[in-house]
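Asker: So I've got this file, target06.txt, and it contains compact mmCIF, C-alpha atoms:
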```txt
# COMPACT_ATOMS: atom_id res chain seq x y z
CA MET A 1 93.56 73.28 81.97
CA ARG A 2 96.96 74.99 82.20
CA LYS A 3 96.96 76.92 78.92
CA ILE A 4 94.67 79.92 79.14
CA ARG A 5 93.83 82.59 76.58
CA LEU A 6 93.38 86.06 78.08
CA ALA A 7 91.88 89.15 76.52
CA LEU A 8 92.39 92.75 77.58
CA ILE A 9 89.91 95.27 76.20
CA GLN A 10 91.71 98.57 75.57
CA GLN A 11 89.37 101.26 74.26
CA PRO A 12 88.68 104.99 74.13
CA VAL A 13 85.60 106.16 75.99
CA PRO A 14 83.45 108.59 74.00
CA GLU A 15 81.21 111.26 75.50
CA ARG A 16 78.23 108.96 75.82
CA ASN A 17 76.24 107.62 78.71
CA PRO A 18 77.21 104.50 80.69
CA GLU A 19 74.42 102.43 79.12
CA GLU A 20 75.82 102.99 75.64
CA ASN A 21 79.36 102.25 76.85
CA LEU A 22 78.15 99.02 78.42
CA GLU A 23 76.47 97.92 75.18
CA LYS A 24 79.66 98.63 73.23
CA THR A 25 81.75 96.72 75.76
CA ILE A 26 79.47 93.69 75.63
CA VAL A 27 80.03 93.50 71.85
CA LEU A 28 83.80 93.53 72.49
CA ILE A 29 83.47 90.86 75.19
CA GLU A 30 81.52 88.64 72.81
CA SER A 31 84.15 89.17 70.12
CA ALA A 32 86.93 88.18 72.54
CA ALA A 33 84.96 85.11 73.62
CA LYS A 34 84.52 84.05 69.98
CA ASN A 35 88.31 84.26 69.75
CA LYS A 36 88.40 81.70 72.59
CA ALA A 37 89.45 84.10 75.35
CA ARG A 38 88.58 82.50 78.68
CA ILE A 39 89.44 85.41 81.00
CA ILE A 40 88.57 88.93 79.88
CA CYS A 41 89.60 92.10 81.71
CA LEU A 42 88.13 95.56 81.20
CA GLN A 43 89.92 98.85 81.88
CA GLU A 44 89.55 100.91 85.06
CA LEU A 45 86.20 102.74 85.38
CA PHE A 46 85.26 101.47 81.92
CA LEU A 47 81.66 102.73 81.96
CA SER A 48 82.53 106.42 81.76
CA ARG A 49 85.23 108.88 80.90
CA TYR A 50 87.85 109.32 83.61
CA PHE A 51 85.86 111.68 85.82
CA PRO A 52 88.41 112.02 88.70
CA ARG A 53 90.44 114.46 86.62
CA GLU A 54 88.33 117.10 88.41
CA GLU A 55 86.28 117.38 91.59
CA LYS A 56 82.55 117.56 90.85
CA LYS A 57 79.84 116.45 93.21
CA SER A 58 77.60 115.55 90.26
CA PHE A 59 79.90 112.66 89.28
CA PHE A 60 78.86 110.68 92.35
CA ARG A 61 75.72 109.80 90.40
CA LEU A 62 77.86 107.46 88.29
CA ALA A 63 78.39 105.14 91.26
CA GLU A 64 76.36 101.96 91.67
CA LYS A 65 75.83 99.16 94.12
CA ILE A 66 77.56 95.78 93.87
CA PRO A 67 75.68 93.58 93.09
CA GLY A 68 73.84 96.03 90.90
CA PRO A 69 72.62 96.74 87.38
CA THR A 70 75.97 96.36 85.61
CA THR A 71 77.00 93.19 87.44
CA SER A 72 73.57 91.68 86.75
CA VAL A 73 73.94 92.23 82.99
CA LEU A 74 77.54 91.03 82.83
CA GLN A 75 76.88 87.93 84.93
CA LYS A 76 74.53 86.83 82.15
CA VAL A 77 77.11 87.72 79.50
CA ALA A 78 79.78 85.70 81.32
CA LYS A 79 77.52 82.66 81.61
CA ILE A 80 76.37 82.75 77.99
CA ASN A 81 79.95 83.02 76.72
CA GLY A 82 81.59 80.77 79.32
CA THR A 83 84.15 83.42 80.23
CA VAL A 84 85.55 84.90 83.41
CA LEU A 85 85.07 88.68 83.49
CA ILE A 86 86.99 91.30 85.48
CA VAL A 87 84.73 94.33 85.70
CA PRO A 88 86.04 97.60 87.23
CA LEU A 89 83.27 99.78 88.67
CA PHE A 90 82.64 102.96 90.67
CA GLU A 91 81.11 101.27 93.70
CA LYS A 92 78.57 102.88 96.01
CA ARG A 93 79.09 100.87 99.17
CA ALA A 94 76.76 103.04 101.26
CA SER A 95 75.46 106.58 101.29
CA GLY A 96 78.57 108.79 101.17
CA LEU A 97 80.97 105.84 100.99
CA TYR A 98 82.47 104.97 97.60
CA HIS A 99 85.24 102.74 96.23
CA ASN A 100 87.17 102.24 93.01
CA SER A 101 86.44 98.53 92.68
CA ALA A 102 86.67 95.51 90.41
CA VAL A 103 84.23 92.61 90.36
CA VAL A 104 85.27 89.11 89.34
CA ILE A 105 82.56 87.05 87.63
CA ASP A 106 83.17 83.35 87.01
CA ALA A 107 82.44 81.52 83.75
CA ASP A 108 79.12 80.22 85.15
CA GLY A 109 77.95 83.75 85.90
CA LYS A 110 78.63 83.57 89.64
CA LEU A 111 79.91 86.75 91.26
CA LEU A 112 83.08 85.56 93.02
CA GLY A 113 83.86 88.77 94.87
CA VAL A 114 85.05 92.35 94.81
CA TYR A 115 88.49 93.93 95.07
CA ARG A 116 88.57 97.53 96.30
CA LYS A 117 91.53 99.65 95.21
CA MET A 118 93.91 99.96 98.13
CA HIS A 119 96.20 102.80 97.04
CA ILE A 120 94.36 105.99 96.13
CA PRO A 121 96.30 108.69 94.21
CA HIS A 122 95.72 112.40 94.35
CA ASP A 123 97.43 114.97 92.15
CA PRO A 124 96.22 117.78 89.86
CA TYR A 125 94.71 115.46 87.22
CA PHE A 126 94.07 112.28 89.19
CA ARG A 127 91.95 113.53 92.08
CA GLU A 128 90.76 110.17 93.32
CA LYS A 129 90.79 110.88 97.06
CA TYR A 130 87.82 113.17 96.50
CA TYR A 131 85.75 110.19 95.31
CA PHE A 132 87.18 106.94 96.68
CA SER A 133 87.83 105.51 100.13
CA PRO A 134 90.81 103.12 100.33
CA GLY A 135 89.99 99.44 100.01
CA ASP A 136 89.11 97.60 103.19
CA ARG A 137 89.40 93.98 102.03
CA GLY A 138 93.14 93.65 101.59
CA PHE A 139 94.86 91.82 98.77
CA LYS A 140 92.95 88.76 97.69
CA THR A 141 92.67 86.10 95.02
CA PHE A 142 89.78 84.51 93.19
CA LYS A 143 89.61 80.86 92.20
CA THR A 144 88.01 80.91 88.77
CA ALA A 145 87.14 78.13 86.34
CA PHE A 146 90.40 78.82 84.48
CA GLY A 147 92.90 79.57 87.23
CA VAL A 148 93.56 81.57 90.37
CA ILE A 149 93.73 85.28 89.66
CA GLY A 150 94.40 88.45 91.58
CA VAL A 151 93.18 91.94 90.74
CA LEU A 152 94.91 95.21 91.61
CA ILE A 153 93.92 98.59 90.17
CA CYS A 154 96.07 101.25 88.47
CA TRP A 155 97.96 103.11 91.24
CA ASP A 156 98.40 99.76 93.00
CA GLN A 157 100.84 99.00 90.15
CA TRP A 158 103.61 100.98 91.78
CA PHE A 159 103.67 99.07 95.06
CA PRO A 160 105.67 95.80 95.13
CA GLU A 161 104.08 94.82 98.45
CA ALA A 162 100.66 94.62 96.80
CA ALA A 163 101.90 92.30 94.05
CA ARG A 164 103.87 90.15 96.51
CA LEU A 165 100.94 89.67 98.90
CA THR A 166 98.61 88.85 96.01
CA ALA A 167 101.08 86.32 94.64
CA LEU A 168 101.58 84.75 98.07
CA ALA A 169 97.80 84.40 98.31
CA GLY A 170 98.03 82.07 95.30
CA ALA A 171 97.52 84.28 92.25
CA GLU A 172 98.79 82.81 88.99
CA ILE A 173 97.90 85.97 87.06
CA ILE A 174 97.61 89.50 88.39
CA PHE A 175 95.35 91.79 86.37
CA TYR A 176 95.80 95.57 86.54
CA PRO A 177 92.79 97.49 85.14
CA THR A 178 94.21 100.95 84.49
CA ALA A 179 93.51 104.55 83.48
CA ILE A 180 96.87 106.28 83.20
CA GLY A 181 98.07 108.98 80.87
CA PHE A 182 99.81 112.32 80.57
CA GLN A 183 98.78 115.94 80.87
CA SER A 184 98.58 118.44 78.04
CA GLY A 185 101.87 120.23 77.49
CA GLU A 186 104.19 117.48 78.72
CA THR A 187 107.22 116.87 76.52
CA LYS A 188 107.63 113.69 74.53
CA ALA A 189 110.71 112.82 76.57
CA ALA A 190 108.79 113.18 79.84
CA VAL A 191 105.92 111.04 78.57
CA ASN A 192 108.26 108.30 77.33
CA LYS A 193 110.00 108.31 80.71
CA GLN A 194 106.66 107.76 82.46
CA ILE A 195 105.65 104.95 80.13
CA ARG A 196 109.01 103.21 80.56
CA ALA A 197 108.71 103.33 84.33
CA TRP A 198 105.10 102.11 84.21
CA LYS A 199 106.04 99.09 82.12
CA THR A 200 109.21 98.34 84.07
CA ILE A 201 107.59 98.23 87.50
CA GLN A 202 104.91 95.81 86.36
CA VAL A 203 107.29 93.52 84.49
CA ALA A 204 109.37 93.50 87.67
CA HIS A 205 106.33 92.22 89.60
CA ALA A 206 106.05 89.32 87.14
CA ILE A 207 109.73 88.43 87.58
CA ALA A 208 109.94 88.92 91.36
CA ASN A 209 106.88 86.74 91.96
CA GLY A 210 107.14 84.27 89.09
CA ILE A 211 103.64 84.98 87.79
CA PHE A 212 101.85 86.42 84.76
CA VAL A 213 100.96 90.12 84.84
CA ALA A 214 98.26 91.57 82.57
CA SER A 215 97.75 95.33 82.42
CA VAL A 216 94.97 96.99 80.44
CA ASN A 217 94.94 100.76 79.96
CA ARG A 218 92.51 103.02 78.13
CA VAL A 219 93.40 105.19 75.14
CA GLY A 220 92.22 108.52 73.80
CA ARG A 221 92.20 112.16 74.82
CA GLU A 222 89.79 113.27 77.54
CA LYS A 223 90.03 117.04 77.97
CA ASN A 224 93.50 117.70 79.45
CA LEU A 225 94.49 114.04 79.76
CA SER A 226 95.71 111.68 77.04
CA PHE A 227 95.71 108.00 77.98
CA TRP A 228 98.65 106.12 76.56
CA GLY A 229 97.28 102.60 76.09
CA HIS A 230 100.20 100.16 75.73
CA SER A 231 98.25 97.33 77.37
CA PHE A 232 100.44 94.25 77.72
CA VAL A 233 100.87 90.78 79.19
CA ALA A 234 104.17 89.71 80.80
CA ALA A 235 105.25 86.13 81.48
CA PRO A 236 106.91 84.97 84.73
CA ASP A 237 110.37 85.47 83.21
CA GLY A 238 109.53 89.07 82.27
CA SER A 239 109.11 88.48 78.54
CA ILE A 240 106.26 90.41 76.90
CA ILE A 241 103.97 87.94 75.17
CA ALA A 242 101.40 90.46 73.91
CA ARG A 243 101.25 94.24 73.63
CA ALA A 244 98.96 96.90 72.21
CA GLY A 245 99.69 100.30 70.72
CA SER A 246 99.19 103.76 72.14
CA SER A 247 96.42 105.31 70.10
CA ARG A 248 93.76 102.77 69.14
CA GLY A 249 91.28 100.49 70.80
CA LYS A 250 92.22 96.84 70.71
CA ILE A 251 91.19 93.44 72.02
CA LEU A 252 94.61 92.24 73.11
CA VAL A 253 94.82 88.44 73.24
CA ALA A 254 97.55 86.44 74.97
CA ASP A 255 98.03 82.70 75.42
CA CYS A 256 99.42 81.92 78.87
CA ASP A 257 100.85 78.54 79.82
CA LEU A 258 100.45 78.50 83.59
CA ARG A 259 102.97 75.66 83.86
CA LEU A 260 105.66 78.30 83.27
CA ILE A 261 105.05 79.57 86.80
CA GLY A 262 106.45 76.42 88.38
CA HIS A 263 109.30 76.16 85.88
CA THR A 264 110.34 79.79 86.43
CA ARG A 265 110.18 79.58 90.21
CA GLU A 266 112.39 76.50 90.13
CA GLU A 267 115.00 78.34 88.06
CA TRP A 268 114.68 81.63 89.95
CA PRO A 269 113.66 80.68 93.52
CA PHE A 270 113.01 84.22 94.75
CA LEU A 271 110.07 83.15 96.90
CA ARG A 272 112.12 80.37 98.49
CA ASP A 273 115.03 82.64 99.38
CA ARG A 274 113.06 85.46 101.01
CA ARG A 275 114.24 86.46 104.48
CA ILE A 276 110.90 86.94 106.21
CA ASP A 277 112.65 87.09 109.57
CA ALA A 278 114.50 90.23 108.45
CA TYR A 279 111.47 92.04 107.00
CA LYS A 280 109.70 92.91 110.25
CA PRO A 281 110.54 96.63 109.94
CA LEU A 282 108.21 96.75 106.91
CA SER A 283 105.24 96.46 109.24
CA LYS A 284 106.33 99.42 111.37
CA LEU A 285 105.54 103.02 110.70
CA TYR A 286 108.43 105.35 109.89
CA SER A 287 108.56 109.08 109.57
CA GLY A 288 109.49 110.35 106.13
CA ASN A 289 113.06 111.16 107.15
CA SER A 290 113.84 107.95 109.01
CA ALA A 291 116.88 105.99 107.86
```
So that I can check it, write out the structure of this file as structure tokens.

Answerer:
Amino acid sequence: MRKIRLALIQQPVPERNPEENLEKTIVLIESAAKNKARIICLQELFLSRYFPREEKKSFFRLAEKIPGPTTSVLQKVAKINGTVLIVPLFEKRASGLYHNSAVVIDADGKLLGVYRKMHIPHDPYFREKYYFSPGDRGFKTFKTAFGVIGVLICWDQWFPEAARLTALAGAEIIFYPTAIGFQSGETKAAVNKQIRAWKTIQVAHAIANGIFVASVNRVGREKNLSFWGHSFVAAPDGSIIARAGSSRGKILVADCDLRLIGHTREEWPFLRDRRIDAYKPLSKLYSGNSA
């Protein structure tokens, strides 16, 4: 099966508990499945509001084990609906050790594995280093019933090395569960500049690697942060085949013909023409002022 329908679930997260958010999300998953979506991706940390905007010890109670209660429920949902699910979670790996993770569940309900966010941001409103340890499993792919997929998370979007390594590992589609927005008081021009850069870098990953890229972002205002939505799916040639707006929840559906990967790579043989022999300096450590 080379033609796959994807669904990205973009939604605001109200001030309710994770159990209620999970119930609401299951309804949306079922709706996407009825619309024949075969791979469904949820947004980053979908069970709660974006808690890393501030440092509070009490938020560690939101973390859970993998496998755990949420994965157990969604494995059943995946099996009943015959869909692959990408489920971002606040993972409690061990006492005092936490990750920003995403679970991949196959269409038969099997838990295929976990990706742990590799690049962890930290600035005044995205204080993730307080909560999350960097991923320890590298960049990986998952062979699902409907294709080989890779998962990277939010801040990973800005690093071309992450997309390239995931593509070289065989990914046909890279999914980016995301929670990105702007702070109160920023000008419209500044916000538009951020959104343009965010879209451009991810579309560039699709072109440079000849793959599909699917990015799902939350929407809504959460205290001093407003999430800008704009979830989208890009084809291997960089064309946008589906996009959502900036202010409302949406089940964004996109039909992806995976045969386009081969066709595009034949026309634009970027992977063929790489000069691996000349890239060795990438693996060395440089000081910030090195030329």

Asker: Between atom CA of Gln202 of chain A and atom CA of Ile180 of chain A, what is the distance in Å, rounded to a tenth?

Answerer: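 Rounded to one decimal, the two atoms are 13.6 Å apart.
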
Asker: Excluding segment 52-54 of chain A and any residue of its chain fewer than 5 positions from it, enumerate the residues within 7 Å of it, using all atoms listed in the file, and give them as a list in words.

Answerer: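 Here the answer would be Tyr125, Phe126, Arg127 and Glu128 of chain A.
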
Asker: Using only C-alpha atoms, determine which residues lie at most 12 Å from Thr71 of chain A, disregarding the query and same-chain residues fewer than 5 positions distant; provide the list as a list in words.

Answerer: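 Selected residues are Leu22, Leu47, Glu64, Lys65, Ile66, Lys76, Val77, Ala78, Leu85, Ile86, Val87, Pro88, Leu89, Phe90, Glu91, Ala102, Val103, Val104, Ile105, Asp106, Gly109, Lys110, Leu111, Leu112, Gly113 and Val114 of chain A.
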
Asker: What does the distance between atom CA of Arg116 of chain A and atom CA of Ala206 of chain A come to in Å, to one decimal place?

Answerer: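 Between atom CA of Arg116 of chain A and atom CA of Ala206 of chain A the gap is 21.4 Å.
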
Asker: Quick one: pull the distance between atom CA of Glu222 of chain A and atom CA of Ile153 of chain A, Å, one decimal.

Answerer: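 Between atom CA of Glu222 of chain A and atom CA of Ile153 of chain A the gap works out to 19.8 Å.
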
Asker: With 4 Å on each side, where is the centre of the axis-aligned box around all listed atoms of segment 193-205 of chain A, and how long are its edges in Å to one decimal, as JSON?

Answerer:
```
{"center_x": 107.5, "center_y": 100.3, "center_z": 84.9, "size_x": 13.1, "size_y": 24.1, "size_z": 17.5}
```
